[in-house]
Each structure stands twice: as C-alpha cells, then as structure tokens.
>>> print(open('start-v2.cif').read())   # mmCIF, C-alpha atoms
data_run
loop_
_atom_site.label_atom_id
_atom_site.label_comp_id
_atom_site.auth_asym_id
_atom_site.auth_seq_id
_atom_site.Cartn_x
_atom_site.Cartn_y
_atom_site.Cartn_z
CA MET A 206 1.99 14.47 39.23
CA ASN A 207 3.70 16.07 42.21
CA MET A 208 5.14 13.76 44.85
CA ARG A 209 5.11 14.22 48.62
CA ARG A 210 7.24 12.52 51.24
CA PHE A 211 5.14 9.99 53.15
CA GLY A 212 6.30 10.66 56.70
CA LYS A 213 8.77 8.29 58.29
CA THR A 214 8.39 5.74 55.47
CA ASN A 215 10.69 7.96 53.38
CA VAL A 216 8.64 6.88 50.36
CA TYR A 217 7.49 9.59 47.95
CA VAL A 218 3.87 9.15 46.88
CA SER A 219 1.68 11.00 44.40
CA GLU A 220 -0.15 13.81 46.14
CA ILE A 221 -3.36 12.53 44.57
CA SER A 222 -3.63 8.76 44.81
CA LEU A 223 -6.34 6.22 44.02
CA GLY A 224 -8.98 5.24 46.55
CA ALA A 225 -10.13 1.76 45.58
CA TRP A 226 -13.26 1.28 47.68
CA GLN A 227 -15.56 1.34 44.66
CA ILE A 228 -13.03 0.44 41.95
CA GLY A 229 -14.65 -1.50 39.10
CA GLY A 230 -18.13 -1.00 40.55
CA GLY A 231 -18.91 -0.85 44.25
CA TRP A 232 -21.48 1.16 46.17
CA GLY A 233 -24.36 -0.92 44.85
CA LYS A 234 -22.90 -1.57 41.40
CA PRO A 235 -21.62 -5.02 40.34
CA PHE A 236 -17.85 -5.50 40.33
CA ASP A 237 -16.27 -5.57 36.86
CA LYS A 238 -12.64 -6.72 36.87
CA ASN A 239 -11.94 -5.34 33.40
CA VAL A 240 -13.16 -1.90 34.44
CA ALA A 241 -11.06 -2.16 37.58
CA LEU A 242 -7.90 -3.01 35.64
CA GLN A 243 -8.52 -0.21 33.14
CA THR A 244 -8.96 2.21 36.04
CA LEU A 245 -5.68 1.06 37.56
CA ARG A 246 -3.86 1.38 34.23
CA THR A 247 -5.19 4.90 33.77
CA ALA A 248 -4.09 5.87 37.27
CA SER A 249 -0.60 4.60 36.56
CA ASP A 250 -0.44 6.39 33.21
CA LEU A 251 -1.40 9.65 34.91
CA GLY A 252 1.42 9.39 37.43
CA ILE A 253 -0.42 7.95 40.43
CA ASN A 254 1.94 5.65 42.32
CA CYS A 255 -0.13 5.00 45.45
CA ILE A 256 -3.34 2.97 45.85
CA ASP A 257 -5.51 2.66 48.95
CA THR A 258 -7.72 -0.39 49.45
CA ALA A 259 -9.00 -2.69 52.21
CA ASP A 260 -9.64 -6.40 52.66
CA VAL A 261 -13.38 -5.80 52.95
CA TYR A 262 -13.79 -3.75 49.76
CA ASP A 263 -16.03 -5.75 47.44
CA GLY A 264 -15.36 -8.83 49.55
CA GLY A 265 -11.66 -8.82 48.67
CA MET A 266 -12.18 -8.20 44.94
CA SER A 267 -10.55 -4.77 45.16
CA GLU A 268 -7.36 -6.30 46.59
CA LYS A 269 -7.43 -9.12 44.02
CA ALA A 270 -7.73 -6.71 41.09
CA ILE A 271 -4.90 -4.59 42.45
CA GLY A 272 -2.79 -7.70 42.99
CA ASP A 273 -3.33 -8.87 39.41
CA PHE A 274 -2.43 -5.41 38.11
CA VAL A 275 0.64 -4.84 40.28
CA ASP A 276 1.94 -8.33 39.51
CA GLN A 277 2.36 -7.28 35.87
CA GLN A 278 4.07 -3.96 36.55
CA LYS A 279 7.82 -3.36 36.52
CA ARG A 280 7.44 -0.18 38.56
CA LYS A 281 5.35 -1.21 41.52
CA PRO A 282 2.93 1.29 43.09
CA PHE A 283 2.84 1.74 46.85
CA VAL A 284 -0.25 -0.13 48.04
CA ILE A 285 -1.98 0.70 51.32
CA THR A 286 -4.49 -1.83 52.60
CA LYS A 287 -6.61 -1.94 55.72
CA ILE A 288 -7.54 -4.79 58.04
CA GLY A 289 -9.79 -5.44 61.02
CA ARG A 290 -13.29 -4.81 59.72
CA ARG A 291 -13.74 -8.48 58.88
CA ALA A 292 -14.02 -9.19 62.59
CA ASP A 293 -17.50 -10.28 63.59
CA PRO A 294 -18.30 -8.87 66.03
CA HIS A 295 -16.05 -5.87 65.45
CA VAL A 296 -14.94 -5.43 69.05
CA LYS A 297 -11.61 -4.90 70.79
CA GLU A 298 -11.43 -8.58 71.76
CA SER A 299 -11.18 -9.47 68.06
CA TYR A 300 -7.86 -7.63 67.70
CA THR A 301 -5.79 -10.68 68.59
CA GLU A 302 -2.38 -11.61 67.23
CA LYS A 303 -3.89 -14.59 65.37
CA ASN A 304 -6.72 -12.62 63.76
CA LEU A 305 -4.45 -9.80 62.63
CA ARG A 306 -1.90 -12.27 61.29
CA ASP A 307 -4.62 -14.12 59.38
CA TYR A 308 -5.90 -10.88 57.85
CA ILE A 309 -2.39 -9.92 56.79
CA GLN A 310 -1.72 -13.32 55.29
CA ASP A 311 -4.95 -13.16 53.30
CA SER A 312 -4.12 -9.69 52.00
CA ARG A 313 -0.60 -10.80 51.04
CA GLN A 314 -2.14 -13.60 49.01
CA ARG A 315 -4.69 -11.40 47.25
CA LEU A 316 -2.14 -8.65 46.56
CA LYS A 317 0.47 -11.21 45.49
CA VAL A 318 3.32 -9.81 47.57
CA GLU A 319 5.72 -11.13 50.18
CA ALA A 320 5.46 -7.98 52.29
CA LEU A 321 2.58 -5.51 52.31
CA ASP A 322 3.74 -1.93 51.71
CA MET A 323 1.48 -0.51 54.40
CA VAL A 324 -1.25 -1.94 56.60
CA LEU A 325 -3.70 0.27 58.45
CA LEU A 326 -5.95 -0.89 61.25
CA HIS A 327 -9.35 -0.12 59.75
CA CYS A 328 -11.16 2.25 62.13
CA PRO A 329 -10.79 -0.06 65.14
CA PRO A 330 -12.94 0.31 68.27
CA ALA A 331 -11.80 3.19 70.47
CA ASP A 332 -10.51 0.84 73.17
CA VAL A 333 -7.94 -0.62 70.78
CA TYR A 334 -5.90 2.59 70.98
CA TYR A 335 -5.38 1.81 74.67
CA MET A 336 -4.18 -1.73 73.97
CA PRO A 337 -0.42 -1.39 73.41
CA GLU A 338 -0.19 -5.10 72.76
CA VAL A 339 -2.04 -4.60 69.46
CA PHE A 340 0.59 -2.17 68.26
CA GLY A 341 3.19 -4.62 69.55
CA PHE A 342 1.70 -7.25 67.24
CA MET A 343 2.11 -4.85 64.32
CA ASP A 344 5.72 -4.18 65.30
CA ALA A 345 6.34 -7.93 65.32
CA PHE A 346 4.75 -8.41 61.89
CA GLN A 347 7.02 -5.66 60.60
CA GLU A 348 10.09 -7.33 62.09
CA GLU A 349 9.04 -10.64 60.51
CA GLY A 350 8.89 -8.98 57.10
CA LEU A 351 5.16 -9.48 56.60
CA ILE A 352 4.56 -5.71 56.39
CA LYS A 353 6.86 -2.80 55.62
CA HIS A 354 4.94 -0.05 57.42
CA TYR A 355 1.75 0.32 59.41
CA GLY A 356 -0.65 2.91 60.71
CA VAL A 357 -4.31 3.47 61.53
CA SER A 358 -7.37 4.67 59.67
CA VAL A 359 -9.23 6.65 62.31
CA ALA A 360 -12.76 7.92 62.75
CA ARG A 361 -11.93 10.72 65.20
CA VAL A 362 -9.17 13.24 65.74
CA GLU A 363 -8.61 12.01 69.29
CA GLU A 364 -7.93 8.50 67.98
CA GLY A 365 -5.32 9.87 65.63
CA LEU A 366 -3.64 11.79 68.42
CA LYS A 367 -3.52 8.64 70.55
CA ALA A 368 -2.21 6.50 67.69
CA ILE A 369 0.67 8.89 67.07
CA GLU A 370 1.96 8.07 70.55
CA TYR A 371 2.99 4.63 69.26
CA GLU A 372 6.44 4.87 67.68
CA GLY A 373 5.68 2.32 64.97
CA VAL A 374 2.72 4.23 63.55
CA ALA A 375 3.86 5.72 60.24
CA ALA A 376 0.57 7.09 58.92
CA ILE A 377 -2.87 8.27 59.97
CA GLU A 378 -5.77 8.08 57.54
CA ILE A 379 -8.60 10.45 58.39
CA VAL A 380 -11.61 12.16 56.83
CA PHE A 381 -10.49 15.63 55.77
CA ASN A 382 -12.30 17.91 53.37
CA MET A 383 -14.08 21.27 53.13
CA PHE A 384 -16.79 19.89 55.42
CA ARG A 385 -14.39 18.39 57.98
CA LEU A 386 -11.84 20.97 59.12
CA ARG A 387 -11.04 19.85 62.64
CA PRO A 388 -8.02 17.61 61.79
CA ALA A 389 -6.09 20.71 60.71
CA GLU A 390 -6.29 22.21 64.21
CA TRP A 391 -4.16 19.80 66.28
CA LEU A 392 -3.72 16.47 64.52
CA PHE A 393 -1.77 17.90 61.59
CA LYS A 394 0.63 19.71 63.92
CA ARG A 395 1.31 16.53 65.90
CA ALA A 396 1.71 14.49 62.74
CA LEU A 397 4.31 16.89 61.35
CA ALA A 398 6.16 17.00 64.66
CA ASN A 399 6.28 13.18 64.79
CA ASN A 400 7.02 12.65 61.09
CA VAL A 401 3.73 10.78 60.59
CA GLY A 402 2.11 10.80 57.17
CA ILE A 403 -1.48 11.97 56.70
CA ILE A 404 -3.79 10.25 54.21
CA ALA A 405 -6.86 12.37 53.49
CA ARG A 406 -9.86 10.13 52.91
CA VAL A 407 -13.45 10.93 51.89
CA PRO A 408 -12.03 14.11 50.29
CA LEU A 409 -15.22 14.84 48.35
CA ALA A 410 -17.63 14.01 51.19
CA SER A 411 -18.99 10.93 49.38
CA GLY A 412 -19.46 13.02 46.24
CA LEU A 413 -21.34 15.85 47.91
CA LEU A 414 -18.43 18.22 47.24
CA THR A 415 -18.40 17.47 43.53
CA GLY A 416 -21.32 19.85 43.09
CA LYS A 417 -23.15 17.31 40.94
CA TYR A 418 -25.89 16.30 43.37
CA HIS A 419 -29.22 17.95 44.13
CA GLU A 420 -32.37 17.42 46.17
CA LYS A 421 -33.79 14.84 43.77
CA THR A 422 -30.62 12.79 43.27
CA LYS A 423 -31.29 9.08 43.80
CA PHE A 424 -28.61 6.65 44.95
CA ASN A 425 -28.72 2.86 44.59
CA ALA A 426 -30.38 0.96 47.42
CA ASP A 427 -27.06 -0.79 48.16
CA ASP A 428 -25.15 2.50 48.19
CA HIS A 429 -24.13 3.65 51.69
CA ARG A 430 -25.33 7.14 50.71
CA THR A 431 -28.82 5.62 50.82
CA PHE A 432 -28.69 3.28 53.80
CA ASN A 433 -26.15 4.87 56.16
CA ARG A 434 -27.05 8.56 56.35
CA ASP A 435 -27.83 8.23 60.04
CA GLY A 436 -25.14 5.65 60.80
CA GLN A 437 -27.45 2.64 60.57
CA VAL A 438 -24.63 0.29 59.47
CA PHE A 439 -21.35 2.06 60.30
CA ASP A 440 -20.17 5.44 61.56
CA LYS A 441 -22.28 8.09 59.85
CA GLY A 442 -19.17 10.23 59.53
CA GLU A 443 -18.18 7.98 56.60
CA THR A 444 -21.27 9.07 54.64
CA PHE A 445 -21.30 12.66 53.38
CA SER A 446 -18.72 13.28 56.16
CA GLY A 447 -21.59 13.11 58.63
CA VAL A 448 -23.22 16.21 57.16
CA ASP A 449 -27.00 16.28 56.75
CA TYR A 450 -27.57 15.95 53.01
CA ALA A 451 -29.96 18.89 52.62
CA LEU A 452 -27.75 21.14 54.74
CA GLY A 453 -24.72 20.04 52.74
CA LEU A 454 -26.41 21.05 49.51
CA LYS A 455 -26.92 24.56 50.89
CA ALA A 456 -23.25 24.82 51.76
CA VAL A 457 -22.30 23.46 48.34
CA ASN A 458 -24.35 26.18 46.67
CA GLU A 459 -22.39 28.76 48.63
CA LEU A 460 -19.12 27.16 47.56
CA LYS A 461 -20.26 27.34 43.94
CA LYS A 462 -20.82 31.05 44.36
CA LEU A 463 -17.44 31.52 46.02
CA PHE A 464 -15.54 29.78 43.24
CA GLU A 465 -17.92 30.79 40.45
CA THR A 466 -18.29 27.26 39.12
CA ASP A 467 -20.59 24.24 39.42
CA ASP A 468 -17.64 21.85 39.12
CA LEU A 469 -16.30 21.79 42.67
CA ALA A 470 -14.45 18.47 42.68
CA PRO A 471 -11.03 19.67 41.48
CA ILE A 472 -11.24 22.73 43.73
CA ALA A 473 -12.17 20.61 46.75
CA LEU A 474 -9.13 18.42 46.13
CA ARG A 475 -6.85 21.41 45.52
CA TRP A 476 -8.05 22.89 48.81
CA ILE A 477 -6.77 19.80 50.65
CA LEU A 478 -3.38 20.11 48.93
CA MET A 479 -3.00 23.53 50.54
CA PHE A 480 -2.14 21.71 53.80
CA ASP A 481 1.50 20.64 54.05
CA ALA A 482 0.76 17.92 56.60
CA VAL A 483 -1.22 15.96 54.00
CA SER A 484 0.94 13.32 52.32
CA THR A 485 -1.66 12.16 49.83
CA ILE A 486 -5.37 12.36 49.02
CA ILE A 487 -7.31 9.21 48.08
CA PRO A 488 -10.38 10.21 46.08
CA GLY A 489 -12.31 7.15 45.02
CA ALA A 490 -12.85 6.14 41.42
CA SER A 491 -14.96 3.35 39.99
CA LYS A 492 -13.81 3.94 36.41
CA ALA A 493 -10.98 5.51 34.44
CA GLU A 494 -12.69 8.80 33.62
CA GLN A 495 -13.10 9.58 37.31
CA VAL A 496 -9.35 9.14 37.80
CA ARG A 497 -8.69 11.66 35.04
CA LEU A 498 -11.00 14.17 36.67
CA ASN A 499 -9.40 13.65 40.08
CA THR A 500 -5.85 14.14 38.86
CA ALA A 501 -6.78 17.41 37.15
CA ALA A 502 -6.83 19.01 40.59
CA ALA A 503 -3.05 18.73 40.83
CA GLU A 504 -2.73 21.09 37.87
CA LEU A 505 -4.75 23.90 39.45
CA PRO A 506 -2.96 26.93 40.92
CA PRO A 507 -2.96 27.35 44.70
CA LEU A 508 -6.13 28.81 46.19
CA THR A 509 -5.97 32.44 47.24
CA ARG A 510 -6.08 33.61 50.83
CA GLU A 511 -9.53 35.05 50.19
CA GLN A 512 -10.78 31.72 48.86
CA MET A 513 -9.40 29.84 51.87
CA ILE A 514 -11.10 32.31 54.20
CA GLY A 515 -14.30 31.93 52.21
CA VAL A 516 -14.30 28.15 52.65
CA LYS A 517 -13.81 28.56 56.39
CA ARG A 518 -16.66 31.06 56.56
CA ILE A 519 -19.04 28.69 54.77
CA TYR A 520 -17.97 25.83 57.04
CA ASP A 521 -18.52 27.94 60.15
CA THR A 522 -21.92 29.09 58.94
CA TYR A 523 -23.42 25.81 57.71
CA ILE A 524 -21.40 22.83 58.88
CA LYS A 525 -19.38 23.38 62.04
CA ALA A 526 -22.17 23.18 64.62
CA SER A 527 -23.30 19.72 63.50
CA VAL A 528 -19.98 17.96 62.86
CA HIS A 529 -16.96 19.74 64.32
CA HIS A 530 -16.85 18.18 67.78
CA LEU A 531 -18.17 14.75 66.78
CA TRP A 532 -15.11 13.59 64.88
#
>>> encode(input="start-v2.cif", output="structure tokens")
Amino acid sequence: MNMRRFGKTNVYVSEISLGAWQIGGGWGKPFDKNVALQTLRTASDLGINCIDTADVYDGGMSEKAIGDFVDQQKRKPFVITKIGRRADPHVKESYTEKNLRDYIQDSRQRLKVEALDMVLLHCPPADVYYMPEVFGFMDAFQEEGLIKHYGVSVARVEEGLKAIEYEGVAAIEIVFNMFRLRPAEWLFKRALANNVGIIARVPLASGLLTGKYHEKTKFNADDHRTFNRDGQVFDKGETFSGVDYALGLKAVNELKKLFETDDLAPIALRWILMFDAVSTIIPGASKAEQVRLNTAAAELPPLTREQMIGVKRIYDTYIKASVHHLW
C-alpha cells in the first residue's frame, strides 16, 4: 500500500483507508462485532493504517469496535473520528465548549485512547465556520492533549475554503468522486498551498460507481439510499453524491463503455488517486471482502489522459448541471 503525507500532521497514511460508517453491518443491517473485527484485521493485513469513523456511526458501535481492535495492536493505526452530529437540534448554538468536550471525552473512552489522533467537526451548520470561538475550543483541546489534530468534514466546497482559513485545521474531508468534480477546481489548490490534508469521502457515490446497481436494485428500508434520496433526513449530497439515481445509472453505463468493464469500483478509486491533493480515500466496507476489493485499486496503473478526459466529458454531459454548483 502506498503512503501519502497527511498535510501538516506530518503523518503518512495509506492512500486507501477504511471508512467505518457501515463496518460490521450498518445501512439497515444489524451490527456484528465479530464481522467488524475481522474487517479491521483484514484492513491492517492489507497495509491500511488509517480508519475513519464517527461517534454517531451505529450509535457508537463503530468507535467501540475500532477501540477494541486498536487496543490489541502494537502498531496503532491513525484513527479519524467525527463529532457534532449528536447535537439535537443540530444547530450552531449546540457547538459549545462543553458539548464538544463531552463528545471528545466519549470518543476517547470508546476508542480507548488518551488523545484522539484526529477529530473532525462532522458537517456542522454553515454558521459554525463563522464562529472562530469554535475553532478556538479545538485549539484548546489540542493544547490540553485531548486531541492531536483536528479538521472539518464539510458538505460544500465553500465551507472547506472557509475552514482552511483557521490555522489549526489540518484536514478537510469532502465528497469527491467521478460524480463530484468541483473540489478539484479551487479547494485542492488552497489545501495544497496551506498544507492541509484532503480526505476523499463517498468515493463510490454510495455504491453507484461500483457499476453493480441497476434500475431494479432494492435497498433496505433503513438504508439511506432508500430514505434519503431527496434529502429527507440529511443533506442529499451524502446519498449517491446528490445525483438522481436513474440519471446516475445512465452515466455509469457510459463509464462502463469508456473503461470497457462492468467493474468500475477500482477504477473509480484509482481516478481519485490521480489527484495529488488527496491524502487518502475512505471507501466504506461492511465486511472483509469489500476491503480487499477496495485496496485492489492501489495496484492499478495510472489512468491515461484520454480516460481522464473521458470521465470529465461524461460528468459534463450527465451530471454537472444538477450537482456542480450545489456542493
């Protein structure tokens, strides 16, 4: 597994890491701790040294499983967790010093560490980016030794650009994939200039870019790909990258023609690795076999100039008008 420098942290992380939203189940499937631990062991065996989770994933079970696993390892992976979405209501007023401290303390307990490797504010309300006191709280937690690094998981490019203005921000996590090209226009340039790491999330557009789905595919009732297609519960950009499902399938068919394969997942991940600003990609995996498939992308040769142009053409034709300026 190739390693990339993670911005100003000076940590080197695997270019393909493990997204732990649905680890051991998730997305409408019951959580299975044994499956989660096997998935984590497989990731480690394959050279993955970075894991991304959040305090709300499976009600904290994702963090607990990771904590149990890491506690037994001599070589500790770099664990990124996210906080803030537990706030109810999820509004700017909830981003208080006490609430953030409580979230961090809870994550420290579940992950079984004295200091969290990295904490990201979890897609906070837009107004939070204009509350310097919040970033001051994070600076203070860092000085206290509760966290080693911090950053923000953002919904929109503009939020990432604003977050980079705060000196303490070490990383930006953002949706970036073949159906979400806008971050590469300005955000990546600013991140490189400010030595800020980029974590590419939703790299397969909630599975749409695997090439496995079709018009008759059924998702579980508790799967966000069923209940959040129009943003009924959270930002619709988190589900299929905000792309209309039927339209996305048309674009996927064009990508299959371009690359002459029905198995798009490794190609979609390799496409992201073509961007130097990206520190790591966090494709999700609920079981070990999915980790193996994800890491295979790192072994592919670079995409050709013609292939990169082809992806852009398909994006411009099918996707750009409906998503480009929304996020």
>>> residues_around(input="start-v2.cif", residues="A:Met323", least_positions_apart="5", cutoff="6 Å", atoms="all atoms listed in the file", output="PDB file with C-alpha atoms, keeping the file's coordinate frame")
ATOM      1  CA  ILE A 285      -1.980   0.700  51.320  1.00  0.00           C
ATOM      2  CA  LYS A 353       6.860  -2.800  55.620  1.00  0.00           C
ATOM      3  CA  HIS A 354       4.940  -0.050  57.420  1.00  0.00           C
ATOM      4  CA  TYR A 355       1.750   0.320  59.410  1.00  0.00           C
TER       5      TYR A 355
END
>>> residues_around(input="start-v2.cif", residues="stretch 400-410 of chain A", least_positions_apart="6", cutoff="6 Å", atoms="only C-alpha atoms", output="list in words")
Phe211, Gly212, Lys213, Ala375, Ala376, Ile377, Glu378, Ile379, Val380, Phe381, Asn382, Phe445, Ser446, Val483, Ser484, Thr485, Ile486, Ile487 and Pro488 of chain A
>>> atom_distance(input="start-v2.cif", atom1="atom CA of A:Gln314", atom2="atom CA of A:Pro330")
26.1 Å
>>> residues_around(input="start-v2.cif", residues="A:Arg387", least_positions_apart="5", cutoff="10 Å", atoms="only C-alpha atoms", output="list of chain:residue names")
A:Arg361, A:Val362, A:Val380, A:Phe381, A:Asn382, A:Leu392, A:Phe393, A:Lys525, A:Val528, A:His529, A:His530, A:Leu531, A:Trp532
>>> residues_around(input="start-v2.cif", residues="stretch 345-350 of chain A", least_positions_apart="4", cutoff="8 Å", atoms="all atoms listed in the file", output="NGL selection string")
:A and (306 or 319-320 or 341 or 354)
>>> atom_distance(input="start-v2.cif", atom1="atom CA of A:Tyr523", atom2="atom CA of A:Gly453")
7.7 Å
>>> resolve_selection(input="start-v2.cif", expression="the PyMOL selection byres ((chain A and resi 429) around 9)", output="list in words")
Trp232, Gly233, Phe424, Asn425, Ala426, Asp427, Asp428, Arg430, Thr431, Phe432, Asn433, Arg434, Val438, Glu443 and Thr444 of chain A
>>> atom_distance(input="start-v2.cif", atom1="atom CA of A:Leu386", atom2="atom CA of A:Arg518")
11.5 Å
>>> closest_residue(input="start-v2.cif", among="A:Asp273, A:Asp237, A:Asp311, A:Glu363", to="A:Val261", atoms="only C-alpha atoms")
A:Asp311
>>> closest_residue(input="start-v2.cif", among="A:Leu316, A:Ala470, A:Asp435, A:Ser491", to="A:Tyr418", atoms="all atoms listed in the file")
A:Ala470
>>> resolve_selection(input="start-v2.cif", expression="the PyMOL selection byres ((chain A and resi 457-469) around 9)", output="ChimeraX atom specification")
/A:413-417,452-456,470-474,512,515-516,519
>>> residues_near_point(input="start-v2.cif", point="(-4.1, 3.5, 76.5)", cutoff="12 Å", atoms="all atoms listed in the file", output="ChimeraX atom specification")
/A:331-340,364,366-371
>>> axis_aligned_box(input="start-v2.cif", around="stretch 252-269 of chain A", padding_each_side="8 Å", output="AutoDock Vina command-line options")
--center_x -7.0 --center_y 0.1 --center_z 45.2 --size_x 34.0 --size_y 34.5 --size_z 31.5
>>> closest_residue(input="start-v2.cif", among="A:Gly265, A:Gly489, A:Gly412, A:Gly289", to="A:Ser222", atoms="only C-alpha atoms")
A:Gly489
>>> decode(input="start-v2.cif", residues="stretch 401-421 of chain A", atoms="N, CA and C atoms", output="PDB file, in the first residue's frame")
ATOM      1  N   VAL A 401      -2.840  21.506   3.969  1.00  0.00           N
ATOM      2  CA  VAL A 401      -3.999  20.873   4.596  1.00  0.00           C
ATOM      3  C   VAL A 401      -4.311  19.565   3.871  1.00  0.00           C
ATOM      4  N   GLY A 402      -4.463  18.501   4.631  1.00  0.00           N
ATOM      5  CA  GLY A 402      -4.774  17.205   4.035  1.00  0.00           C
ATOM      6  C   GLY A 402      -6.195  17.141   3.519  1.00  0.00           C
ATOM      7  N   ILE A 403      -6.399  16.341   2.469  1.00  0.00           N
ATOM      8  CA  ILE A 403      -7.735  16.125   1.904  1.00  0.00           C
ATOM      9  C   ILE A 403      -8.100  14.654   2.066  1.00  0.00           C
ATOM     10  N   ILE A 404      -9.255  14.424   2.703  1.00  0.00           N
ATOM     11  CA  ILE A 404      -9.815  13.083   2.849  1.00  0.00           C
ATOM     12  C   ILE A 404     -10.989  12.982   1.894  1.00  0.00           C
ATOM     13  N   ALA A 405     -10.906  12.091   0.924  1.00  0.00           N
ATOM     14  CA  ALA A 405     -11.981  11.938  -0.066  1.00  0.00           C
ATOM     15  C   ALA A 405     -13.007  10.938   0.447  1.00  0.00           C
ATOM     16  N   ARG A 406     -14.198  11.455   0.743  1.00  0.00           N
ATOM     17  CA  ARG A 406     -15.260  10.578   1.236  1.00  0.00           C
ATOM     18  C   ARG A 406     -16.314  10.346   0.166  1.00  0.00           C
ATOM     19  N   VAL A 407     -17.178   9.354   0.412  1.00  0.00           N
ATOM     20  CA  VAL A 407     -18.198   8.922  -0.556  1.00  0.00           C
ATOM     21  C   VAL A 407     -17.549   8.716  -1.933  1.00  0.00           C
ATOM     22  N   PRO A 408     -16.419   8.028  -1.989  1.00  0.00           N
ATOM     23  CA  PRO A 408     -15.674   7.917  -3.254  1.00  0.00           C
ATOM     24  C   PRO A 408     -16.381   7.110  -4.331  1.00  0.00           C
ATOM     25  N   LEU A 409     -17.327   6.268  -3.921  1.00  0.00           N
ATOM     26  CA  LEU A 409     -18.052   5.448  -4.889  1.00  0.00           C
ATOM     27  C   LEU A 409     -19.508   5.886  -5.020  1.00  0.00           C
ATOM     28  N   ALA A 410     -19.800   7.111  -4.581  1.00  0.00           N
ATOM     29  CA  ALA A 410     -21.154   7.659  -4.692  1.00  0.00           C
ATOM     30  C   ALA A 410     -22.193   6.696  -4.118  1.00  0.00           C
ATOM     31  N   SER A 411     -21.946   6.279  -2.865  1.00  0.00           N
ATOM     32  CA  SER A 411     -22.852   5.355  -2.160  1.00  0.00           C
ATOM     33  C   SER A 411     -23.039   4.050  -2.924  1.00  0.00           C
ATOM     34  N   GLY A 412     -22.012   3.637  -3.637  1.00  0.00           N
ATOM     35  CA  GLY A 412     -22.053   2.376  -4.376  1.00  0.00           C
ATOM     36  C   GLY A 412     -22.455   2.518  -5.822  1.00  0.00           C
ATOM     37  N   LEU A 413     -22.985   3.666  -6.203  1.00  0.00           N
ATOM     38  CA  LEU A 413     -23.429   3.865  -7.576  1.00  0.00           C
ATOM     39  C   LEU A 413     -22.286   3.662  -8.561  1.00  0.00           C
ATOM     40  N   LEU A 414     -21.080   4.095  -8.170  1.00  0.00           N
ATOM     41  CA  LEU A 414     -19.926   3.996  -9.061  1.00  0.00           C
ATOM     42  C   LEU A 414     -19.239   2.632  -9.029  1.00  0.00           C
ATOM     43  N   THR A 415     -19.835   1.671  -8.342  1.00  0.00           N
ATOM     44  CA  THR A 415     -19.289   0.321  -8.430  1.00  0.00           C
ATOM     45  C   THR A 415     -19.678  -0.336  -9.744  1.00  0.00           C
ATOM     46  N   GLY A 416     -20.793   0.126 -10.320  1.00  0.00           N
ATOM     47  CA  GLY A 416     -21.298  -0.492 -11.540  1.00  0.00           C
ATOM     48  C   GLY A 416     -22.172  -1.698 -11.284  1.00  0.00           C
ATOM     49  N   LYS A 417     -22.468  -1.980 -10.016  1.00  0.00           N
ATOM     50  CA  LYS A 417     -23.230  -3.183  -9.664  1.00  0.00           C
ATOM     51  C   LYS A 417     -24.738  -2.969  -9.642  1.00  0.00           C
ATOM     52  N   TYR A 418     -25.179  -1.718  -9.584  1.00  0.00           N
ATOM     53  CA  TYR A 418     -26.595  -1.452  -9.389  1.00  0.00           C
ATOM     54  C   TYR A 418     -27.314  -1.229 -10.710  1.00  0.00           C
ATOM     55  N   HIS A 419     -28.636  -1.410 -10.680  1.00  0.00           N
ATOM     56  CA  HIS A 419     -29.457  -1.240 -11.882  1.00  0.00           C
ATOM     57  C   HIS A 419     -30.820  -0.695 -11.473  1.00  0.00           C
ATOM     58  N   GLU A 420     -31.694  -0.561 -12.443  1.00  0.00           N
ATOM     59  CA  GLU A 420     -32.998   0.069 -12.197  1.00  0.00           C
ATOM     60  C   GLU A 420     -33.842  -0.682 -11.171  1.00  0.00           C
ATOM     61  N   LYS A 421     -33.661  -1.980 -11.058  1.00  0.00           N
ATOM     62  CA  LYS A 421     -34.492  -2.781 -10.172  1.00  0.00           C
ATOM     63  C   LYS A 421     -33.811  -3.112  -8.840  1.00  0.00           C
TER      64      LYS A 421
END
